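Take a look at the structure below.
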Amino acid sequence: MIDLAALARTRGVDLRVWPPRYDPTYRPQPSAEHWLPELECADPSERDAIILAKLRQQVRYAWERSAFYRRTWEAAGVSPDTLKSLDDLTRFPVVHKAELRQAQAAHPPFGDALCIEPHQVARIHGTSGTTGRPTVFGIGADDWDRVGEAHARILWGAGLRPTDRIMICSFFSLYLGSWGALKGGERLGAAMFPFGAGLAGQTLMALGWARDLKPTAFYSTPSYALHLAETARREGIDPREFGFRILFFSGEPGAGIPATKRRIEETFGGICIDMGSMAEMTPWMTNGECRRRTGMHLWQDFVYTQLCDPATFEPVPFGAEGTPVYTHLERTSQPMIRLVSGDLARWTDEPCPCGRTYPRLPDGLYGRIDDMFIVRGENIYPGAIEDTLRAIDGFGGEFRVIISRREAMDELLIRAEHAATHAAPDARQRLRATMEERLRARLGVRPVIELVPAGEIPRTEFKARRVIDDRDLYRERTSHVRP
């Protein structure tokens, strides 16, 4: 059995109380593979006993302090007494983002899932609200410190150490990703370089700072890293000159797409680490790869994750596909309990060479249920298109997907850049034919390929949005035509 008293003495974490107490001065020896091997490499059944104890405390705490959860659970006929095993968690209703927005509209600004007094909120973050009412995150000071503890341990697993210098090139705003990376790196003891992103000319400035300061690690979205590399090459700089040994990412699925991961690693000469769950679930790194890069570990003792059927929300067996459903285990301010992600993944319990015994998402989060589109009866995910294009010699780096309808048939147009080496007409023709054939084999639909010169398609410094569905315009036009 895991000796909890020994963990408190030797590893700086007291799991005999809830929420756990962490010693902010504890760090392993730099040569250690694991931050907390007793938990990370434990027999899953022993670790599950600790997870269940945390879960029962978390659920009871929410029941006592949150009108949102008490109301929801009473309507479903469950209570903290229902939770006698981890399997019993599936009896509790799932929570969707829309419900959180509705609760915050009715009880502004934080909603009635908040379990502390509003004046105890230490940090306020949230979503941009581009697809509806923004979601507000109220985080207590103790919770923010626990985010740092979780992220430090996970970053350690990715291979980062106190001797690293970490450059963060993402927005410092409501967006939680950059702040979480900063907090975790600080707790780890690394030198943090919060460069940011989004200002005019900032990417060009980043090249000089990176060359001068020689960061050993880099955080952004995958699409921004590739944009940085393109900018460097235009300035006559080989991206390998920066010396990044570890690049870790969140915000979009690129770092888990095999061809994109290879391209990032070949471009910069460092390893590419895939991370990320949801801002609502911060510490969002609890879906995070280790340095062996065998897919995202689910660090279950921070955030308990079930992979569930998207219709029934019943857990699916290992090897199957589902959507992650997340539950906080150490959150006192705004806990999320059975929050549906809407992402798609496959999970496994096969061993990882690192020795950790967590379940893994070997392919990462490779799509979203609402990102999938159907063309001529085939289910298509943007990640499959990206993986196929990036593996083709002559691809120029960026693409867009335009779905339209001509008469009664859907049409899939892919506007893809070609590299300068494929600018000649015959080279473009061969590249177009290769793209058409490989995409047809991967997707089951033959697309129309439109090639444009590299650099013509706009880049993003945040999350890439590559799909445009114009079929509604067709439906709108045809709906006004009388028979």
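By order of appearance in the structure tokens: chains A, B, ..., then residues from 1 within every chain, and ligands from 1 in the order shown.
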| task | Name all residues at most 6 Å from Cys272 (chain A) (count only C-alpha atoms; drop same-chain ones fewer than 5 positions away) and give them as a PyMOL selection string. | result | chain A and resi 247-248+265
Atoms to include: N, CA and C atoms. Write the selected residues as a PDB file, in the first residue's frame.
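Just written: result.pdb:
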ATOM      1  N   LEU A 247       9.726  21.533 -26.680  1.00  0.00           N
ATOM      2  CA  LEU A 247       8.645  22.433 -27.074  1.00  0.00           C
ATOM      3  C   LEU A 247       7.339  21.788 -26.620  1.00  0.00           C
ATOM      4  N   PHE A 248       6.573  22.494 -25.808  1.00  0.00           N
ATOM      5  CA  PHE A 248       5.314  21.916 -25.338  1.00  0.00           C
ATOM      6  C   PHE A 248       4.164  22.841 -25.707  1.00  0.00           C
ATOM      7  N   GLU A 265       9.516  18.786 -34.628  1.00  0.00           N
ATOM      8  CA  GLU A 265      10.785  18.258 -34.121  1.00  0.00           C
ATOM      9  C   GLU A 265      11.906  18.405 -35.142  1.00  0.00           C
TER      10      GLU A 265
END
Write out as a PDB file with N, CA and C atoms, in the first residue's frame the set of residues from region 291-345 of chain A that DSSP, computed on the backbone, places in strand (DSSP E).
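As written to disk, out_20.pdb reads:
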ATOM      1  N   MET A 296      -0.736  11.376 -24.457  1.00  0.00           N
ATOM      2  CA  MET A 296      -1.004  12.090 -23.211  1.00  0.00           C
ATOM      3  C   MET A 296      -1.306  11.131 -22.063  1.00  0.00           C
ATOM      4  N   HIS A 297      -0.549  11.235 -20.976  1.00  0.00           N
ATOM      5  CA  HIS A 297      -0.945  10.589 -19.733  1.00  0.00           C
ATOM      6  C   HIS A 297      -2.145  11.336 -19.148  1.00  0.00           C
ATOM      7  N   LEU A 298      -3.030  10.596 -18.536  1.00  0.00           N
ATOM      8  CA  LEU A 298      -4.117  11.200 -17.759  1.00  0.00           C
ATOM      9  C   LEU A 298      -3.690  11.164 -16.302  1.00  0.00           C
ATOM     10  N   VAL A 303      -6.830  15.410 -11.710  1.00  0.00           N
ATOM     11  CA  VAL A 303      -8.132  15.507 -12.379  1.00  0.00           C
ATOM     12  C   VAL A 303      -8.502  14.099 -12.824  1.00  0.00           C
ATOM     13  N   TYR A 304      -9.615  13.599 -12.336  1.00  0.00           N
ATOM     14  CA  TYR A 304     -10.025  12.235 -12.673  1.00  0.00           C
ATOM     15  C   TYR A 304     -10.791  12.277 -13.995  1.00  0.00           C
ATOM     16  N   THR A 305     -10.303  11.521 -14.961  1.00  0.00           N
ATOM     17  CA  THR A 305     -10.843  11.554 -16.314  1.00  0.00           C
ATOM     18  C   THR A 305     -11.451  10.206 -16.673  1.00  0.00           C
ATOM     19  N   GLN A 306     -12.669  10.260 -17.183  1.00  0.00           N
ATOM     20  CA  GLN A 306     -13.327   9.093 -17.760  1.00  0.00           C
ATOM     21  C   GLN A 306     -13.477   9.345 -19.258  1.00  0.00           C
ATOM     22  N   LEU A 307     -13.195   8.355 -20.071  1.00  0.00           N
ATOM     23  CA  LEU A 307     -13.477   8.460 -21.495  1.00  0.00           C
ATOM     24  C   LEU A 307     -14.846   7.824 -21.725  1.00  0.00           C
ATOM     25  N   CYS A 308     -15.775   8.624 -22.227  1.00  0.00           N
ATOM     26  CA  CYS A 308     -17.184   8.222 -22.226  1.00  0.00           C
ATOM     27  C   CYS A 308     -17.796   8.250 -23.618  1.00  0.00           C
ATOM     28  N   GLU A 321     -12.961   4.627 -28.551  1.00  0.00           N
ATOM     29  CA  GLU A 321     -13.001   6.080 -28.707  1.00  0.00           C
ATOM     30  C   GLU A 321     -14.145   6.658 -27.894  1.00  0.00           C
ATOM     31  N   GLY A 322     -13.923   7.841 -27.360  1.00  0.00           N
ATOM     32  CA  GLY A 322     -14.967   8.524 -26.625  1.00  0.00           C
ATOM     33  C   GLY A 322     -14.588   9.974 -26.406  1.00  0.00           C
ATOM     34  N   THR A 323     -15.367  10.646 -25.572  1.00  0.00           N
ATOM     35  CA  THR A 323     -15.072  12.027 -25.212  1.00  0.00           C
ATOM     36  C   THR A 323     -14.655  12.081 -23.746  1.00  0.00           C
ATOM     37  N   PRO A 324     -13.579  12.793 -23.407  1.00  0.00           N
ATOM     38  CA  PRO A 324     -13.176  12.904 -22.002  1.00  0.00           C
ATOM     39  C   PRO A 324     -14.213  13.647 -21.171  1.00  0.00           C
ATOM     40  N   VAL A 325     -14.476  13.104 -19.991  1.00  0.00           N
ATOM     41  CA  VAL A 325     -15.342  13.739 -18.998  1.00  0.00           C
ATOM     42  C   VAL A 325     -14.486  13.928 -17.750  1.00  0.00           C
ATOM     43  N   TYR A 326     -14.327  15.174 -17.323  1.00  0.00           N
ATOM     44  CA  TYR A 326     -13.324  15.532 -16.323  1.00  0.00           C
ATOM     45  C   TYR A 326     -13.952  15.865 -14.966  1.00  0.00           C
ATOM     46  N   THR A 327     -13.205  15.529 -13.890  1.00  0.00           N
ATOM     47  CA  THR A 327     -13.636  15.866 -12.531  1.00  0.00           C
ATOM     48  C   THR A 327     -12.438  16.346 -11.718  1.00  0.00           C
ATOM     49  N   HIS A 328     -12.550  17.546 -11.177  1.00  0.00           N
ATOM     50  CA  HIS A 328     -11.509  18.039 -10.272  1.00  0.00           C
ATOM     51  C   HIS A 328     -11.451  17.187  -9.002  1.00  0.00           C
ATOM     52  N   ILE A 337     -17.209  18.999 -11.906  1.00  0.00           N
ATOM     53  CA  ILE A 337     -17.440  17.589 -11.586  1.00  0.00           C
ATOM     54  C   ILE A 337     -18.249  16.967 -12.721  1.00  0.00           C
ATOM     55  N   ARG A 338     -17.608  16.094 -13.469  1.00  0.00           N
ATOM     56  CA  ARG A 338     -18.145  15.437 -14.668  1.00  0.00           C
ATOM     57  C   ARG A 338     -18.453  16.466 -15.765  1.00  0.00           C
ATOM     58  N   LEU A 339     -17.459  17.273 -16.081  1.00  0.00           N
ATOM     59  CA  LEU A 339     -17.590  18.244 -17.155  1.00  0.00           C
ATOM     60  C   LEU A 339     -17.263  17.572 -18.493  1.00  0.00           C
ATOM     61  N   VAL A 340     -18.172  17.679 -19.444  1.00  0.00           N
ATOM     62  CA  VAL A 340     -17.995  17.079 -20.764  1.00  0.00           C
ATOM     63  C   VAL A 340     -17.094  17.972 -21.608  1.00  0.00           C
ATOM     64  N   ASP A 343     -14.256  16.869 -26.801  1.00  0.00           N
ATOM     65  CA  ASP A 343     -13.136  16.402 -27.619  1.00  0.00           C
ATOM     66  C   ASP A 343     -13.302  14.915 -27.916  1.00  0.00           C
ATOM     67  N   LEU A 344     -12.508  14.424 -28.847  1.00  0.00           N
ATOM     68  CA  LEU A 344     -12.501  13.002 -29.184  1.00  0.00           C
ATOM     69  C   LEU A 344     -11.118  12.427 -28.967  1.00  0.00           C
ATOM     70  N   ALA A 345     -11.072  11.229 -28.422  1.00  0.00           N
ATOM     71  CA  ALA A 345      -9.802  10.570 -28.134  1.00  0.00           C
ATOM     72  C   ALA A 345     -10.033   9.069 -28.023  1.00  0.00           C
TER      73      ALA A 345
END
| request: Have a look at A:Phe249, A:Phe242, A:Phe172, A:Phe195 and name the one nearest to Thr216 (chain A); count only C-alpha atoms. | output: A:Phe242
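CA of Gly256 (chain A) sits 19.5 Å away from CA of Asn379 (chain A).
Note that the spacing between CA of Ala279 (chain A) and CA of Lys97 (chain A) amounts to 11.2 Å.
You will find CA of Pro134 (chain A) at 27.1 Å from CA of Val401 (chain A).
Residues lying within 9 Å of region 86-89 of chain A, counting only C-alpha atoms and ignoring same-chain neighbours fewer than 6 positions away, are Asp48, Ala49, Ile51, Leu52, Leu55 and Arg338 of chain A.
Excluding Gly243 (chain A) and any residue on its chain fewer than 3 positions from it, the residues at most 7 Å away by only C-alpha atoms are Lys214, Pro215, Thr216 and Arg240 of chain A.
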Would you mind exporting the chosen residues as an mmCIF file, in the first residue's frame, restricted to C-alpha atoms?
data_model
loop_
_atom_site.group_PDB
_atom_site.id
_atom_site.type_symbol
_atom_site.label_atom_id
_atom_site.label_comp_id
_atom_site.auth_asym_id
_atom_site.auth_seq_id
_atom_site.Cartn_x
_atom_site.Cartn_y
_atom_site.Cartn_z
ATOM 1 C CA LYS A 214 18.858 31.033 -25.740
ATOM 2 C CA PRO A 215 15.737 29.591 -24.095
ATOM 3 C CA THR A 216 15.937 25.827 -23.745
ATOM 4 C CA ARG A 240 17.467 25.106 -34.808
#
| message | Taking the DSSP secondary structure from the backbone, can you list the residues of region 309-450 of chain A that are helix (DSSP H, G or I), as a ChimeraX atom specification? | response | /A:382-390,420-422,425-443
Include N, CA and C atoms and write out the residues we just selected as a compact mmCIF listing (two decimals), in the first residue's frame.
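As a result, out-v1.txt now contains:
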# COMPACT_ATOMS: atom_id res chain seq x y z
N PRO A 382 -10.65 17.76 -39.25
CA PRO A 382 -9.56 18.59 -39.77
C PRO A 382 -8.18 18.01 -39.46
N GLY A 383 -8.03 17.33 -38.32
CA GLY A 383 -6.73 16.76 -37.96
C GLY A 383 -6.25 15.73 -38.97
N ALA A 384 -7.17 14.97 -39.56
CA ALA A 384 -6.78 13.97 -40.56
C ALA A 384 -6.25 14.66 -41.81
N ILE A 385 -6.84 15.80 -42.18
CA ILE A 385 -6.36 16.55 -43.33
C ILE A 385 -4.97 17.12 -43.04
N GLU A 386 -4.79 17.68 -41.85
CA GLU A 386 -3.50 18.25 -41.49
C GLU A 386 -2.41 17.18 -41.48
N ASP A 387 -2.70 16.03 -40.89
CA ASP A 387 -1.71 14.96 -40.82
C ASP A 387 -1.29 14.52 -42.22
N THR A 388 -2.25 14.42 -43.14
CA THR A 388 -1.95 13.98 -44.49
C THR A 388 -1.12 15.02 -45.24
N LEU A 389 -1.52 16.28 -45.16
CA LEU A 389 -0.81 17.32 -45.91
C LEU A 389 0.62 17.51 -45.42
N ARG A 390 0.82 17.50 -44.10
CA ARG A 390 2.16 17.78 -43.57
C ARG A 390 3.14 16.65 -43.87
N ALA A 420 8.17 26.80 -52.21
CA ALA A 420 8.82 27.47 -53.35
C ALA A 420 9.47 26.47 -54.29
N THR A 421 9.87 25.33 -53.75
CA THR A 421 10.50 24.29 -54.59
C THR A 421 9.51 23.65 -55.56
N HIS A 422 8.23 23.91 -55.38
CA HIS A 422 7.20 23.31 -56.23
C HIS A 422 6.39 24.40 -56.94
N PRO A 425 5.01 24.89 -62.98
CA PRO A 425 3.70 24.28 -63.31
C PRO A 425 3.69 22.77 -63.23
N ASP A 426 4.71 22.10 -63.75
CA ASP A 426 4.70 20.63 -63.71
C ASP A 426 4.84 20.11 -62.29
N ALA A 427 5.64 20.81 -61.46
CA ALA A 427 5.78 20.40 -60.06
C ALA A 427 4.48 20.60 -59.30
N ARG A 428 3.77 21.70 -59.57
CA ARG A 428 2.48 21.94 -58.93
C ARG A 428 1.46 20.88 -59.33
N GLN A 429 1.50 20.50 -60.60
CA GLN A 429 0.55 19.49 -61.07
C GLN A 429 0.77 18.16 -60.37
N ARG A 430 2.05 17.76 -60.22
CA ARG A 430 2.35 16.50 -59.53
C ARG A 430 1.96 16.59 -58.07
N LEU A 431 2.22 17.76 -57.44
CA LEU A 431 1.87 17.94 -56.02
C LEU A 431 0.36 17.87 -55.84
N ARG A 432 -0.38 18.51 -56.73
CA ARG A 432 -1.83 18.48 -56.64
C ARG A 432 -2.36 17.05 -56.76
N ALA A 433 -1.81 16.30 -57.69
CA ALA A 433 -2.25 14.91 -57.86
C ALA A 433 -1.94 14.07 -56.63
N THR A 434 -0.76 14.28 -56.02
CA THR A 434 -0.39 13.54 -54.81
C THR A 434 -1.33 13.88 -53.67
N MET A 435 -1.61 15.16 -53.49
CA MET A 435 -2.52 15.57 -52.41
C MET A 435 -3.91 14.98 -52.62
N GLU A 436 -4.42 15.04 -53.84
CA GLU A 436 -5.75 14.50 -54.11
C GLU A 436 -5.82 13.02 -53.78
N GLU A 437 -4.81 12.28 -54.21
CA GLU A 437 -4.86 10.83 -54.04
C GLU A 437 -4.71 10.43 -52.58
N ARG A 438 -3.78 11.05 -51.87
CA ARG A 438 -3.59 10.69 -50.46
C ARG A 438 -4.77 11.10 -49.60
N LEU A 439 -5.34 12.26 -49.89
CA LEU A 439 -6.51 12.69 -49.13
C LEU A 439 -7.72 11.82 -49.44
N ARG A 440 -7.87 11.43 -50.71
CA ARG A 440 -8.98 10.55 -51.06
C ARG A 440 -8.87 9.23 -50.32
N ALA A 441 -7.63 8.68 -50.24
CA ALA A 441 -7.43 7.42 -49.53
C ALA A 441 -7.69 7.57 -48.03
N ARG A 442 -7.34 8.72 -47.46
CA ARG A 442 -7.49 8.93 -46.01
C ARG A 442 -8.93 9.28 -45.64
N LEU A 443 -9.59 10.07 -46.46
CA LEU A 443 -10.89 10.62 -46.10
C LEU A 443 -12.06 9.86 -46.70
Listing only residues of region 157-186 of chain A within 12 Å of region 447-462 of chain A, what is the closest atom pair and its distance in Å (to one decimal) for each, using only C-alpha atoms, sorted by chain and residue number ascending, as JSON lines?
{"residue": "A:Cys169", "atom": "CA", "partner": "A:Glu461", "partner_atom": "CA", "distance": 8.6}
{"residue": "A:Ser170", "atom": "CA", "partner": "A:Phe462", "partner_atom": "CA", "distance": 7.0}
{"residue": "A:Phe171", "atom": "CA", "partner": "A:Phe462", "partner_atom": "CA", "distance": 7.5}
{"residue": "A:Phe172", "atom": "CA", "partner": "A:Phe462", "partner_atom": "CA", "distance": 11.2}
{"residue": "A:Ser173", "atom": "CA", "partner": "A:Phe462", "partner_atom": "CA", "distance": 11.8}
{"residue": "A:Tyr175", "atom": "CA", "partner": "A:Phe462", "partner_atom": "CA", "distance": 10.0}
{"residue": "A:Gly177", "atom": "CA", "partner": "A:Phe462", "partner_atom": "CA", "distance": 10.9}
{"residue": "A:Ser178", "atom": "CA", "partner": "A:Phe462", "partner_atom": "CA", "distance": 11.1}
| Taking only C-alpha atoms into account, which of A:Asp81, A:Val121, A:Thr72, A:Leu39 comes nearest Trp299 (chain A)? | A:Leu39
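Residues in contact with Pro353 (chain A) at up to 12 Å, not including ones fewer than 5 positions away on its chain and judged by only C-alpha atoms, are A:Glu33, A:Cys41, A:Glu289, A:Cys290, A:Arg291, A:Arg292, A:Arg293, A:Thr294, A:Gly295, A:His297, A:Tyr358.
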Dump as a short mmCIF file (atom, residue, chain, number, x, y, z; two decimals), in the first residue's frame, selection limited to N, CA and C atoms:
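For reference, selection03.cif as written:
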data_model
loop_
_atom_site.label_atom_id
_atom_site.label_comp_id
_atom_site.auth_asym_id
_atom_site.auth_seq_id
_atom_site.Cartn_x
_atom_site.Cartn_y
_atom_site.Cartn_z
N GLU A 33 13.59 10.60 -12.64
CA GLU A 33 12.63 10.51 -13.74
C GLU A 33 11.26 11.04 -13.32
N CYS A 41 3.84 5.82 -10.48
CA CYS A 41 4.17 4.45 -10.92
C CYS A 41 3.45 3.39 -10.08
N GLU A 289 1.80 14.69 -22.13
CA GLU A 289 2.80 13.67 -22.47
C GLU A 289 4.00 13.76 -21.54
N CYS A 290 4.66 12.63 -21.38
CA CYS A 290 5.98 12.61 -20.75
C CYS A 290 7.03 12.74 -21.86
N ARG A 291 8.29 12.75 -21.47
CA ARG A 291 9.35 12.96 -22.46
C ARG A 291 9.47 11.81 -23.45
N ARG A 292 8.84 10.65 -23.16
CA ARG A 292 8.88 9.52 -24.10
C ARG A 292 7.90 9.72 -25.25
N ARG A 293 6.94 10.63 -25.10
CA ARG A 293 6.03 11.03 -26.19
C ARG A 293 5.25 9.84 -26.76
N THR A 294 4.58 9.13 -25.86
CA THR A 294 3.74 8.00 -26.27
C THR A 294 2.26 8.35 -26.19
N GLY A 295 1.95 9.62 -26.16
CA GLY A 295 0.57 10.09 -26.00
C GLY A 295 0.37 10.69 -24.62
N HIS A 297 -0.55 11.23 -20.98
CA HIS A 297 -0.94 10.59 -19.73
C HIS A 297 -2.14 11.34 -19.15
N TYR A 358 -0.48 5.57 -15.45
CA TYR A 358 -1.73 6.25 -15.77
C TYR A 358 -2.28 5.74 -17.10
#
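Using only C-alpha atoms, the shortest contact distance between Ala232 (chain A) and any of A:Ala255, A:Val136, A:Ile273, A:Leu207 is found at A:Leu207.
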